[in-house]
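Shown next: my_file-v3.txt, given as compact mmCIF, C-alpha atoms.
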# COMPACT_ATOMS: atom_id res chain seq x y z
CA MET A 1 -23.69 7.16 -0.49
CA MET A 2 -21.82 8.04 2.69
CA SER A 3 -21.70 11.60 3.88
CA ILE A 4 -18.26 13.17 3.99
CA SER A 5 -19.41 14.78 7.26
CA ARG A 6 -18.46 11.49 8.93
CA TYR A 7 -14.95 12.94 9.05
CA GLU A 8 -16.40 15.37 11.61
CA PRO A 9 -14.75 14.51 13.99
CA CYS A 10 -12.47 11.86 12.47
CA PHE A 11 -12.04 8.56 14.28
CA LEU A 12 -11.45 6.43 11.18
CA CYS A 13 -8.05 5.01 12.16
CA PRO A 14 -6.31 3.88 15.37
CA ARG A 15 -4.92 7.40 15.87
CA ARG A 16 -8.49 8.54 16.66
CA CYS A 17 -7.25 12.12 16.41
CA GLY A 18 -10.80 13.53 16.50
CA VAL A 19 -9.98 16.41 14.15
CA MET A 20 -12.84 18.17 12.35
CA ARG A 21 -11.45 17.46 8.89
CA GLU A 22 -13.75 19.74 6.95
CA SER A 23 -11.65 22.63 8.19
CA ALA A 24 -8.39 21.19 9.55
CA GLU A 25 -5.80 18.49 8.82
CA GLY A 26 -5.90 15.27 10.79
CA TYR A 27 -2.84 13.35 11.93
CA CYS A 28 -2.72 12.06 8.35
CA GLY A 29 -2.07 15.62 7.14
CA GLU A 30 -5.25 15.73 5.07
CA ARG A 31 -8.70 17.28 5.28
CA ALA A 32 -11.93 15.60 4.19
CA ALA A 33 -11.35 16.21 0.47
CA LEU A 34 -9.61 13.39 -1.41
CA ARG A 35 -6.13 14.31 -2.64
CA ILE A 36 -4.23 12.04 -5.00
CA ALA A 37 -0.73 12.26 -6.46
CA CYS A 38 -0.81 10.06 -9.53
CA ALA A 39 -2.41 7.11 -11.30
CA SER A 40 -0.46 4.68 -13.46
CA ILE A 41 -0.29 1.24 -14.98
CA HIS A 42 2.25 -0.30 -12.62
CA ARG A 43 4.15 -3.47 -13.50
CA GLY A 44 6.27 -3.67 -10.35
CA GLU A 45 3.66 -5.36 -8.16
CA GLU A 46 3.35 -9.11 -7.49
CA PRO A 47 2.50 -11.30 -10.54
CA PRO A 48 -1.14 -12.03 -9.60
CA LEU A 49 -1.71 -8.27 -9.29
CA THR A 50 -0.14 -7.29 -12.61
CA GLY A 51 -1.32 -10.28 -14.62
CA ALA A 52 2.30 -11.05 -15.53
CA GLY A 53 2.57 -14.63 -16.72
CA GLU A 54 5.25 -16.48 -18.62
CA ASN A 55 4.47 -14.55 -21.77
CA GLY A 56 4.63 -11.19 -19.96
CA SER A 57 1.28 -10.14 -21.40
CA GLY A 58 -0.32 -8.81 -18.23
CA GLY A 59 -1.92 -5.41 -18.29
CA GLY A 60 -0.36 -4.16 -15.06
CA SER A 61 -1.95 -2.92 -11.86
CA GLY A 62 -3.95 0.31 -12.03
CA THR A 63 -2.36 2.12 -9.09
CA ILE A 64 -3.83 5.28 -7.59
CA PHE A 65 -1.50 6.92 -5.05
CA VAL A 66 -3.42 8.79 -2.35
CA SER A 67 -1.67 11.73 -0.66
CA GLY A 68 -1.28 11.70 3.10
CA CYS A 69 -0.81 8.84 5.57
CA ASN A 70 -1.97 7.93 9.05
CA LEU A 71 1.25 6.09 9.95
CA GLY A 72 4.37 7.97 8.86
CA CYS A 73 7.23 5.46 8.63
CA VAL A 74 10.63 7.14 8.93
CA PHE A 75 11.85 5.16 5.90
CA CYS A 76 8.79 5.64 3.68
CA GLN A 77 9.73 5.44 0.00
CA ASN A 78 6.67 7.55 -0.86
CA HIS A 79 7.57 10.25 1.66
CA GLN A 80 7.03 13.02 -0.91
CA ILE A 81 3.28 12.39 -0.80
CA SER A 82 2.93 10.82 2.64
CA GLN A 83 4.98 13.21 4.76
CA THR A 84 6.58 16.09 2.86
CA PRO A 85 4.45 19.24 2.38
CA ALA A 86 4.22 20.79 -1.06
CA PRO A 87 6.87 23.51 -1.58
CA ASN A 88 4.49 26.48 -1.57
CA ASP A 89 1.87 25.15 0.85
CA ALA A 90 3.10 23.94 4.22
CA ARG A 91 -0.30 22.43 5.01
CA HIS A 92 -0.47 19.87 2.23
CA HIS A 93 1.40 16.94 0.71
CA LEU A 94 2.13 16.72 -3.00
CA GLY A 95 -1.07 15.97 -4.86
CA ARG A 96 -4.30 17.50 -6.10
CA VAL A 97 -7.78 17.44 -4.61
CA VAL A 98 -10.22 15.58 -6.85
CA THR A 99 -14.01 15.38 -6.84
CA THR A 100 -15.94 12.13 -6.78
CA ALA A 101 -16.59 12.45 -10.52
CA GLU A 102 -12.92 13.14 -11.27
CA PHE A 103 -11.82 10.14 -9.22
CA ALA A 104 -14.31 7.94 -11.08
CA GLN A 105 -12.95 9.22 -14.40
CA ILE A 106 -9.41 8.30 -13.35
CA CYS A 107 -10.53 4.76 -12.48
CA LEU A 108 -12.23 4.41 -15.85
CA ALA A 109 -9.14 5.74 -17.65
CA LEU A 110 -7.04 3.03 -15.98
CA GLN A 111 -9.56 0.43 -17.11
CA ASP A 112 -9.47 1.80 -20.66
CA ARG A 113 -5.65 1.58 -20.66
CA GLY A 114 -5.82 -2.15 -19.89
CA ALA A 115 -5.26 -2.25 -16.12
CA GLU A 116 -5.91 -5.59 -14.42
CA ASN A 117 -7.37 -3.89 -11.33
CA ILE A 118 -7.78 -0.62 -9.45
CA ASN A 119 -5.09 -0.51 -6.77
CA ILE A 120 -5.71 2.13 -4.07
CA VAL A 121 -2.38 2.92 -2.38
CA THR A 122 -2.42 4.37 1.14
CA GLY A 123 -6.08 5.33 1.35
CA SER A 124 -6.77 4.46 4.99
CA HIS A 125 -7.42 8.07 5.99
CA ALA A 126 -9.74 8.66 3.00
CA VAL A 127 -12.01 5.60 3.17
CA LEU A 128 -15.30 7.46 2.86
CA ALA A 129 -14.35 9.53 -0.18
CA ILE A 130 -12.83 6.49 -1.90
CA VAL A 131 -15.94 4.37 -1.33
CA GLU A 132 -17.99 7.13 -2.93
CA GLY A 133 -15.56 7.44 -5.83
CA ILE A 134 -15.47 3.70 -6.58
CA ALA A 135 -19.28 3.54 -6.43
CA ALA A 136 -19.48 6.37 -8.95
CA ALA A 137 -16.97 4.61 -11.22
CA LYS A 138 -18.92 1.35 -11.06
CA ALA A 139 -22.10 3.22 -11.96
CA ARG A 140 -20.27 4.40 -15.10
CA GLY A 141 -18.98 0.96 -16.09
CA LEU A 142 -15.98 0.09 -13.92
CA SER A 143 -15.76 -3.70 -13.77
CA LEU A 144 -12.23 -4.33 -12.48
CA PRO A 145 -11.37 -5.83 -9.07
CA VAL A 146 -10.47 -3.22 -6.46
CA LEU A 147 -7.30 -3.64 -4.34
CA TRP A 148 -6.74 -2.00 -0.96
CA ASN A 149 -2.98 -1.43 -0.55
CA SER A 150 -2.36 -0.27 3.02
CA SER A 151 -0.16 -0.33 6.12
CA ALA A 152 -2.89 -2.28 7.99
CA TYR A 153 -2.94 0.46 10.64
CA GLU A 154 -6.71 0.44 10.44
CA LEU A 155 -9.78 -0.18 12.58
CA PRO A 156 -12.00 -3.23 11.96
CA GLU A 157 -15.12 -1.06 11.92
CA THR A 158 -13.60 1.18 9.23
CA LEU A 159 -12.58 -1.82 7.14
CA GLU A 160 -16.15 -3.07 7.28
CA LEU A 161 -17.09 0.03 5.27
CA LEU A 162 -14.96 -1.40 2.43
CA CYS A 163 -16.63 -4.82 2.34
CA GLU A 164 -18.76 -4.09 -0.73
CA THR A 165 -16.05 -2.00 -2.43
CA VAL A 166 -12.77 -3.91 -2.11
CA ASP A 167 -12.05 -7.35 -3.60
CA VAL A 168 -8.41 -7.86 -2.59
CA PHE A 169 -6.65 -6.59 0.53
CA LEU A 170 -2.90 -5.97 0.30
CA PRO A 171 -1.89 -5.03 3.86
CA ASP A 172 1.56 -4.71 5.37
CA MET A 173 2.53 -6.52 8.52
CA LYS A 174 5.52 -4.42 9.43
CA THR A 175 6.42 -5.73 12.88
CA PHE A 176 5.18 -7.29 16.09
CA ASP A 177 7.78 -5.36 18.07
CA SER A 178 6.05 -2.44 19.84
CA LEU A 179 9.37 -0.71 20.50
CA LEU A 180 10.27 -0.77 16.81
CA ALA A 181 6.77 0.41 15.95
CA ALA A 182 7.13 3.35 18.33
CA ARG A 183 10.60 4.19 17.01
CA TYR A 184 9.88 3.92 13.30
CA PHE A 185 6.13 4.63 12.98
CA ASN A 186 5.28 6.60 16.16
CA ALA A 187 2.67 3.89 16.72
CA PRO A 188 3.48 1.46 19.58
CA ASP A 189 0.02 -0.02 19.12
CA TYR A 190 0.75 -0.95 15.50
CA PRO A 191 1.25 -4.72 16.09
CA ALA A 192 -2.11 -5.23 17.78
CA ALA A 193 -3.96 -2.89 15.43
CA ALA A 194 -2.50 -4.47 12.28
CA ALA A 195 -3.14 -8.04 13.44
CA ALA A 196 -6.78 -7.19 14.20
CA ALA A 197 -7.15 -5.41 10.85
CA ILE A 198 -5.76 -8.37 8.90
CA GLU A 199 -8.06 -10.80 10.73
CA THR A 200 -10.97 -8.59 9.68
CA MET A 201 -9.79 -8.61 6.07
CA LEU A 202 -9.51 -12.40 6.12
CA GLY A 203 -13.07 -12.69 7.34
CA MET A 204 -14.35 -10.59 4.46
CA LYS A 205 -12.44 -11.91 1.43
CA PRO A 206 -11.46 -15.56 0.88
CA LEU A 207 -8.70 -16.37 -1.61
CA ARG A 208 -9.90 -16.73 -5.17
CA PHE A 209 -8.01 -16.61 -8.49
CA ASN A 210 -9.39 -16.35 -12.00
CA GLU A 211 -9.04 -19.29 -14.38
CA ARG A 212 -6.49 -17.76 -16.77
CA LYS A 213 -3.77 -20.40 -16.97
CA ASP A 214 -0.84 -18.34 -18.25
CA SER A 215 -1.18 -15.54 -15.69
CA PRO A 216 -3.74 -16.22 -12.94
CA ALA A 217 -4.94 -13.00 -11.30
CA LEU A 218 -5.96 -12.62 -7.67
CA MET A 219 -9.65 -11.73 -7.74
CA SER A 220 -10.40 -11.97 -4.01
CA GLY A 221 -8.48 -12.48 -0.81
CA VAL A 222 -5.59 -11.16 1.27
CA MET A 223 -1.89 -10.89 0.42
CA VAL A 224 0.26 -9.82 3.38
CA ARG A 225 3.42 -7.87 2.63
CA HIS A 226 6.43 -7.75 4.93
CA LEU A 227 9.47 -5.54 4.35
CA VAL A 228 12.62 -6.95 5.91
CA LEU A 229 14.65 -4.25 7.68
CA PRO A 230 18.45 -4.52 7.80
CA GLY A 231 19.70 -5.34 11.27
CA ARG A 232 16.20 -6.17 12.48
CA LEU A 233 15.92 -9.81 11.45
CA PRO A 234 14.43 -11.11 14.73
CA ALA A 235 11.43 -8.85 14.09
CA SER A 236 11.02 -10.37 10.63
CA ARG A 237 11.26 -13.89 12.01
CA ALA A 238 8.41 -13.08 14.41
CA VAL A 239 6.24 -11.93 11.50
CA LEU A 240 7.02 -15.08 9.51
CA ARG A 241 6.31 -17.27 12.54
CA TRP A 242 2.93 -15.55 12.91
CA PHE A 243 2.17 -16.02 9.23
CA ALA A 244 2.99 -19.74 9.44
CA ASP A 245 0.94 -20.25 12.60
CA VAL A 246 -2.07 -18.05 11.85
CA LEU A 247 -2.36 -17.28 8.13
CA ALA A 248 -1.04 -20.34 6.28
CA GLY A 249 -3.70 -21.48 3.81
CA ARG A 250 -5.77 -18.35 4.39
CA ALA A 251 -3.56 -15.67 2.80
CA LEU A 252 -0.58 -15.17 0.53
CA LEU A 253 2.77 -13.79 1.70
CA SER A 254 4.82 -11.21 -0.18
CA LEU A 255 8.31 -10.97 1.31
CA MET A 256 10.10 -7.77 0.33
CA PHE A 257 13.78 -6.83 0.54
CA GLN A 258 13.69 -3.40 -1.13
CA TYR A 259 14.49 -1.34 1.98
CA THR A 260 16.36 1.77 0.88
CA PRO A 261 17.73 4.57 3.10
CA VAL A 262 15.73 7.51 1.74
CA LYS A 263 16.53 10.24 4.26
CA SER A 264 19.62 11.71 5.86
CA PRO A 265 20.28 10.67 8.54
CA ALA A 266 18.48 7.43 7.64
CA GLU A 267 17.38 4.71 10.01
CA PRO A 268 18.30 1.95 9.37
CA ASP A 269 21.22 3.40 7.42
CA ARG A 270 22.10 0.54 5.04
CA TYR A 271 20.70 -2.03 2.63
CA ILE A 272 19.99 -5.70 3.31
CA THR A 273 23.09 -7.88 2.98
CA ARG A 274 23.29 -11.15 1.08
CA LYS A 275 23.83 -12.98 4.37
CA GLU A 276 20.64 -11.50 5.83
CA TYR A 277 18.73 -12.31 2.65
CA ASP A 278 19.81 -15.95 2.68
CA GLU A 279 19.00 -16.28 6.38
CA VAL A 280 15.44 -15.06 5.88
CA LEU A 281 14.94 -17.37 2.90
CA GLY A 282 16.04 -20.24 5.11
CA TRP A 283 13.26 -19.41 7.53
CA LEU A 284 10.68 -19.82 4.76
CA THR A 285 11.82 -23.42 4.35
CA GLU A 286 12.01 -24.01 8.10
CA LEU A 287 8.51 -22.62 8.68
CA GLU A 288 7.13 -24.37 5.59
CA ILE A 289 5.78 -21.16 4.06
CA GLU A 290 5.07 -21.86 0.41
CA ASP A 291 2.11 -19.71 -0.62
CA GLY A 292 3.40 -16.38 -1.80
CA TYR A 293 6.15 -14.36 -3.43
CA CYS A 294 9.64 -13.21 -2.58
CA GLN A 295 11.71 -10.39 -4.05
CA GLU A 296 15.08 -11.21 -5.55
CA PHE A 297 18.25 -9.89 -3.95
CA THR A 298 19.18 -6.62 -5.65
CA PRO A 299 21.44 -4.66 -3.26
CA GLY A 300 21.53 -0.91 -3.76
CA ASN A 301 18.80 -0.93 -6.42
CA THR A 302 16.85 2.35 -6.26
CA ASP A 303 14.66 1.77 -9.35
CA TRP A 304 11.54 1.53 -7.22
CA LEU A 305 12.07 4.94 -5.55
CA PRO A 306 9.48 7.28 -7.06
CA ASP A 307 9.69 11.01 -7.73
CA PHE A 308 6.14 12.32 -7.62
CA ASN A 309 7.18 15.63 -9.16
CA ARG A 310 7.60 13.81 -12.49
CA PRO A 311 4.62 12.89 -14.69
CA ASN A 312 5.87 9.31 -14.48
CA PRO A 313 7.20 8.95 -10.91
CA PHE A 314 8.64 5.49 -11.66
CA PRO A 315 11.05 4.18 -14.34
CA SER A 316 9.33 3.61 -17.68
CA ASN A 317 9.89 -0.15 -17.51
CA LEU A 318 7.85 -0.27 -14.30
CA SER A 319 5.10 2.24 -14.92
CA VAL A 320 2.99 3.91 -17.61
CA PRO A 321 1.52 7.22 -16.38
CA VAL A 322 -2.20 7.86 -16.79
CA TRP A 323 -2.86 10.86 -14.50
CA HIS A 324 -0.57 13.20 -12.55
CA TRP A 325 -1.33 15.88 -10.01
CA LYS A 326 0.52 18.53 -12.05
CA LYS A 327 -0.48 17.50 -15.58
CA GLY A 328 -3.87 15.85 -15.25
CA PHE A 329 -4.36 13.03 -17.77
CA VAL A 330 -1.14 11.98 -19.50
CA PRO A 331 -1.46 11.03 -23.21

Structure rendered as structure tokens:
Amino acid sequence: MMSISRYEPCFLCPRRCGVMRESAEGYCGERAALRIACASIHRGEEPPLTGAGENGSGGGSGTIFVSGCNLGCVFCQNHQISQTPAPNDARHHLGRVVTTAEFAQICLALQDRGAENINIVTGSHAVLAIVEGIAAAKARGLSLPVLWNSSAYELPETLELLCETVDVFLPDMKTFDSLLAARYFNAPDYPAAAAAAIETMLGMKPLRFNERKDSPALMSGVMVRHLVLPGRLPASRAVLRWFADVLAGRALLSLMFQYTPVKSPAEPDRYITRKEYDEVLGWLTELEIEDGYCQEFTPGNTDWLPDFNRPNPFPSNLSVPVWHWKKGFVP
């Protein structure tokens, strides 16, 4: 087991803020203790993560949303838990601190409810506690693949700590434009850091699916997500060009169009247009990118915007709640 004292000082991510996180919040807004907001059976992820085949019989992804974030995108759809302090405690995001044993129990509850995997969402700043929690869950019978769902703003040496814990990496590649990264993430070094992180992930986990014909599940490997921003299509083209040149045959692509203005004033301040959507799809053909998934065009759809104050933060057709920071386990 790793000692939580390795957060003292904390140099886990590219911020390298050096905060003594036993007694103070790092750039991520969190101390050493693991804080999570909710756990649910989520059916809104990509098909090989939810097990959704033609018969729709997949169990769904067992998502665990970790509070705090080391990046801080201005358009974050999970801003309630990544950026916004709790109403009565200016130091903390929405969520509840859990022990290693409690975290393991949540993982096992997701498995008991039929989850296809354990999907850790935004855990980059809590790597050590999560590794301990997954190890405890496995000691008690957890047998599901573990997914690491992150912004990719991570250090290779930190990712190496996950090699024996994580089966599938689900990183973002947000942009290769340092000016956009500075403007939207306060991280001009994001492009270089994310590219190095994804290369590290690729070296650890080759692509492997199970043999279930109706709904093959991703058991190992890397799926790179990219969210297309309205009015910023050249940045998306650069990401797709990189994927075609560097990652083709080594990873899957998940192309997302769900950008939603979530703050006022928002930036960007509008949804993707049909013209932009069609242009990006044309690039997939031009660049011969075939391995992956693409969201349908649904302008103005806010169904995927969560409210983490509710026991089920997502619409009931997308998510079945299992644990919530206010309620604990949900029947």

Q. So which residues touch A:Gln77 within 8 Å, counting all atoms listed in the file, skipping near sequence neighbours fewer than 2 positions away, as a VMD selection string?
A. chain A and resid 75 79 260 262 305 to 306

Q | Interatomic distance (Å, one decimal) between atom CA of A:Ile120 and atom CA of A:Ala251 | A |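 Interatomic distance here is 19.2 Å.
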
Q.
If we draw a sphere of 10 Å around (2.3, -11.2, -6.2), which residues have at least one atom in it when counting all atoms listed in the file? Please report them as a ChimeraX atom specification.
A. /A:44-52,170,217-218,223-225,252-255,292-295

Pull C-alpha atoms from the residues just selected and write them as a PDB file, in the coordinates of the input.
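What follows is the written file selection_18.pdb:
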ATOM      1  CA  GLY A  44       6.270  -3.670 -10.350  1.00  0.00           C
ATOM      2  CA  GLU A  45       3.660  -5.360  -8.160  1.00  0.00           C
ATOM      3  CA  GLU A  46       3.350  -9.110  -7.490  1.00  0.00           C
ATOM      4  CA  PRO A  47       2.500 -11.300 -10.540  1.00  0.00           C
ATOM      5  CA  PRO A  48      -1.140 -12.030  -9.600  1.00  0.00           C
ATOM      6  CA  LEU A  49      -1.710  -8.270  -9.290  1.00  0.00           C
ATOM      7  CA  THR A  50      -0.140  -7.290 -12.610  1.00  0.00           C
ATOM      8  CA  GLY A  51      -1.320 -10.280 -14.620  1.00  0.00           C
ATOM      9  CA  ALA A  52       2.300 -11.050 -15.530  1.00  0.00           C
ATOM     10  CA  LEU A 170      -2.900  -5.970   0.300  1.00  0.00           C
ATOM     11  CA  ALA A 217      -4.940 -13.000 -11.300  1.00  0.00           C
ATOM     12  CA  LEU A 218      -5.960 -12.620  -7.670  1.00  0.00           C
ATOM     13  CA  MET A 223      -1.890 -10.890   0.420  1.00  0.00           C
ATOM     14  CA  VAL A 224       0.260  -9.820   3.380  1.00  0.00           C
ATOM     15  CA  ARG A 225       3.420  -7.870   2.630  1.00  0.00           C
ATOM     16  CA  LEU A 252      -0.580 -15.170   0.530  1.00  0.00           C
ATOM     17  CA  LEU A 253       2.770 -13.790   1.700  1.00  0.00           C
ATOM     18  CA  SER A 254       4.820 -11.210  -0.180  1.00  0.00           C
ATOM     19  CA  LEU A 255       8.310 -10.970   1.310  1.00  0.00           C
ATOM     20  CA  GLY A 292       3.400 -16.380  -1.800  1.00  0.00           C
ATOM     21  CA  TYR A 293       6.150 -14.360  -3.430  1.00  0.00           C
ATOM     22  CA  CYS A 294       9.640 -13.210  -2.580  1.00  0.00           C
ATOM     23  CA  GLN A 295      11.710 -10.390  -4.050  1.00  0.00           C
TER      24      GLN A 295
END

Q: Compute the distance from (-9.5, 16.4, 10.9) to each atom, counting all atoms listed in the file, keep the residues with any atom at most 8 Å away, and return them as JSON, numbers by chain; use the coordinates of the file.
A: {"A": [7, 8, 9, 10, 17, 18, 19, 20, 21, 22, 23, 24, 25, 26, 27, 30, 31, 32]}

(Q) With distances taken over all atoms listed in the file, which residue among A:Leu34, A:Ala129, A:Leu207, A:Leu318 lies nearest A:Met219? (A)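 Looking only at the distances to A:Met219, the closest residue turns out to be A:Leu207.
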
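Closest to A:Thr302 among A:Gln258, A:Asn149, A:Gln105, A:Ser61 is A:Gln258, based on only C-alpha atoms.
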
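Put simply, atom CA of A:Asp112 is 10.6 Å away from atom CA of A:Leu144.
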
Q: Rank A:Arg15, A:Arg270, A:Arg250, A:His125 by their smallest atom-to-atom distance to A:Gly221, using all atoms listed in the file, and report the top residue only.
A: A:Arg250

Q. So, counting only C-alpha atoms, which residue among A:Val74, A:Ala37, A:Val98, A:Val330 is closest to A:Tyr184?
A.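 Looking at the shortest contact to A:Tyr184, the residue is A:Val74.
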
Q. For A:Phe185, which of A:Glu296, A:Glu199, A:Glu267, A:Asp303 is the closest residue, counting only C-alpha atoms?
A. A:Glu267

(Q) Quick check, in Å to one decimal: how far apart do atom CA of A:Arg113 and atom CA of A:Pro331 lie? (A)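 Atom CA of A:Pro331 lies 10.6 Å from atom CA of A:Arg113.
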
Q) What's the 10 Å shell around A:Ser82, counting all atoms listed in the file, without same-chain residues fewer than 2 positions away, as a PyMOL selection string? A) chain A and resi 28-30+37+65-73+76-80+84-85+92-95+122

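Each of A:Pro261, A:Arg208, A:Ala195, A:Leu229 was compared to A:Leu247 using only C-alpha atoms, and A:Ala195 turns out to be the nearest.
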
Q.
If we count all atoms listed in the file and set the cut-off at 9 Å, which residues sit around A:Ser124, ignoring sequence neighbours fewer than 5 positions away in its own chain? Please answer as a PyMOL selection string.
A. chain A and resi 12-13+69-70+148-154+158-159

Using C-alpha atoms, can you export the residues from the last selection as a CSV table (one decimal), keeping the file's coordinate frame?
chain,number,residue,atom,x,y,z
A,12,LEU,CA,-11.4,6.4,11.2
A,13,CYS,CA,-8.0,5.0,12.2
A,69,CYS,CA,-0.8,8.8,5.6
A,70,ASN,CA,-2.0,7.9,9.0
A,148,TRP,CA,-6.7,-2.0,-1.0
A,149,ASN,CA,-3.0,-1.4,-0.6
A,150,SER,CA,-2.4,-0.3,3.0
A,151,SER,CA,-0.2,-0.3,6.1
A,152,ALA,CA,-2.9,-2.3,8.0
A,153,TYR,CA,-2.9,0.5,10.6
A,154,GLU,CA,-6.7,0.4,10.4
A,158,THR,CA,-13.6,1.2,9.2
A,159,LEU,CA,-12.6,-1.8,7.1

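The neighbours of A:Glu160 here are the residues that come within 9 Å of it, using all atoms listed in the file and leaving out any residue fewer than 4 positions away in the same chain; they are Leu155, Pro156, Glu164, Thr200, Met201 and Met204 of chain A.
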
Q. Do you know which residues are at most 7 Å from A:Leu179 counting all atoms listed in the file, after dropping those on the same chain fewer than 3 positions away, and could you put them as a list in words?
A. Ala182, Arg183 and Pro188 of chain A

Output for the residues just chosen: C-alpha atoms as a PDB file, in the coordinates of the input:
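Just written: selection37.pdb:
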ATOM      1  CA  ALA A 182       7.130   3.350  18.330  1.00  0.00           C
ATOM      2  CA  ARG A 183      10.600   4.190  17.010  1.00  0.00           C
ATOM      3  CA  PRO A 188       3.480   1.460  19.580  1.00  0.00           C
TER       4      PRO A 188
END

Missing atoms in stretch 127-147 of chain A: can you complete it with N, CA and C atoms, as a PDB file, keeping the file's coordinate frame?
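Result file rebuild_6.pdb:
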ATOM      1  N   VAL A 127     -11.108   6.709   3.481  1.00  0.00           N
ATOM      2  CA  VAL A 127     -12.010   5.600   3.170  1.00  0.00           C
ATOM      3  C   VAL A 127     -13.344   6.085   2.611  1.00  0.00           C
ATOM      4  N   LEU A 128     -13.945   7.061   3.252  1.00  0.00           N
ATOM      5  CA  LEU A 128     -15.300   7.460   2.860  1.00  0.00           C
ATOM      6  C   LEU A 128     -15.333   8.050   1.459  1.00  0.00           C
ATOM      7  N   ALA A 129     -14.385   8.923   1.153  1.00  0.00           N
ATOM      8  CA  ALA A 129     -14.350   9.530  -0.180  1.00  0.00           C
ATOM      9  C   ALA A 129     -14.040   8.487  -1.245  1.00  0.00           C
ATOM     10  N   ILE A 130     -13.186   7.526  -0.925  1.00  0.00           N
ATOM     11  CA  ILE A 130     -12.830   6.490  -1.900  1.00  0.00           C
ATOM     12  C   ILE A 130     -14.001   5.567  -2.173  1.00  0.00           C
ATOM     13  N   VAL A 131     -14.743   5.193  -1.142  1.00  0.00           N
ATOM     14  CA  VAL A 131     -15.940   4.370  -1.330  1.00  0.00           C
ATOM     15  C   VAL A 131     -16.922   5.078  -2.263  1.00  0.00           C
ATOM     16  N   GLU A 132     -17.105   6.357  -2.054  1.00  0.00           N
ATOM     17  CA  GLU A 132     -17.990   7.130  -2.930  1.00  0.00           C
ATOM     18  C   GLU A 132     -17.462   7.160  -4.356  1.00  0.00           C
ATOM     19  N   GLY A 133     -16.147   7.347  -4.500  1.00  0.00           N
ATOM     20  CA  GLY A 133     -15.560   7.440  -5.830  1.00  0.00           C
ATOM     21  C   GLY A 133     -15.638   6.122  -6.596  1.00  0.00           C
ATOM     22  N   ILE A 134     -15.388   5.006  -5.922  1.00  0.00           N
ATOM     23  CA  ILE A 134     -15.470   3.700  -6.580  1.00  0.00           C
ATOM     24  C   ILE A 134     -16.917   3.404  -6.973  1.00  0.00           C
ATOM     25  N   ALA A 135     -17.864   3.748  -6.103  1.00  0.00           N
ATOM     26  CA  ALA A 135     -19.280   3.540  -6.430  1.00  0.00           C
ATOM     27  C   ALA A 135     -19.667   4.328  -7.676  1.00  0.00           C
ATOM     28  N   ALA A 136     -19.176   5.556  -7.771  1.00  0.00           N
ATOM     29  CA  ALA A 136     -19.480   6.370  -8.950  1.00  0.00           C
ATOM     30  C   ALA A 136     -18.853   5.772 -10.200  1.00  0.00           C
ATOM     31  N   ALA A 137     -17.630   5.233 -10.066  1.00  0.00           N
ATOM     32  CA  ALA A 137     -16.970   4.610 -11.220  1.00  0.00           C
ATOM     33  C   ALA A 137     -17.707   3.358 -11.660  1.00  0.00           C
ATOM     34  N   LYS A 138     -18.174   2.567 -10.709  1.00  0.00           N
ATOM     35  CA  LYS A 138     -18.920   1.350 -11.060  1.00  0.00           C
ATOM     36  C   LYS A 138     -20.238   1.699 -11.744  1.00  0.00           C
ATOM     37  N   ALA A 139     -20.853   2.787 -11.322  1.00  0.00           N
ATOM     38  CA  ALA A 139     -22.100   3.220 -11.960  1.00  0.00           C
ATOM     39  C   ALA A 139     -21.862   3.625 -13.412  1.00  0.00           C
ATOM     40  N   ARG A 140     -20.613   3.986 -13.735  1.00  0.00           N
ATOM     41  CA  ARG A 140     -20.270   4.400 -15.100  1.00  0.00           C
ATOM     42  C   ARG A 140     -19.550   3.297 -15.887  1.00  0.00           C
ATOM     43  N   GLY A 141     -19.506   2.075 -15.324  1.00  0.00           N
ATOM     44  CA  GLY A 141     -18.980   0.960 -16.090  1.00  0.00           C
ATOM     45  C   GLY A 141     -17.706   0.322 -15.591  1.00  0.00           C
ATOM     46  N   LEU A 142     -17.182   0.735 -14.448  1.00  0.00           N
ATOM     47  CA  LEU A 142     -15.980   0.090 -13.920  1.00  0.00           C
ATOM     48  C   LEU A 142     -16.305  -1.355 -13.543  1.00  0.00           C
ATOM     49  N   SER A 143     -15.505  -2.289 -14.036  1.00  0.00           N
ATOM     50  CA  SER A 143     -15.760  -3.700 -13.770  1.00  0.00           C
ATOM     51  C   SER A 143     -14.534  -4.433 -13.221  1.00  0.00           C
ATOM     52  N   LEU A 144     -13.460  -3.719 -12.947  1.00  0.00           N
ATOM     53  CA  LEU A 144     -12.230  -4.330 -12.480  1.00  0.00           C
ATOM     54  C   LEU A 144     -12.284  -4.633 -10.977  1.00  0.00           C
ATOM     55  N   PRO A 145     -11.516  -5.638 -10.519  1.00  0.00           N
ATOM     56  CA  PRO A 145     -11.370  -5.830  -9.070  1.00  0.00           C
ATOM     57  C   PRO A 145     -10.702  -4.618  -8.448  1.00  0.00           C
ATOM     58  N   VAL A 146     -11.047  -4.348  -7.185  1.00  0.00           N
ATOM     59  CA  VAL A 146     -10.470  -3.220  -6.460  1.00  0.00           C
ATOM     60  C   VAL A 146      -9.545  -3.754  -5.369  1.00  0.00           C
ATOM     61  N   LEU A 147      -8.297  -3.250  -5.335  1.00  0.00           N
ATOM     62  CA  LEU A 147      -7.300  -3.640  -4.340  1.00  0.00           C
ATOM     63  C   LEU A 147      -7.151  -2.543  -3.302  1.00  0.00           C
TER      64      LEU A 147
END
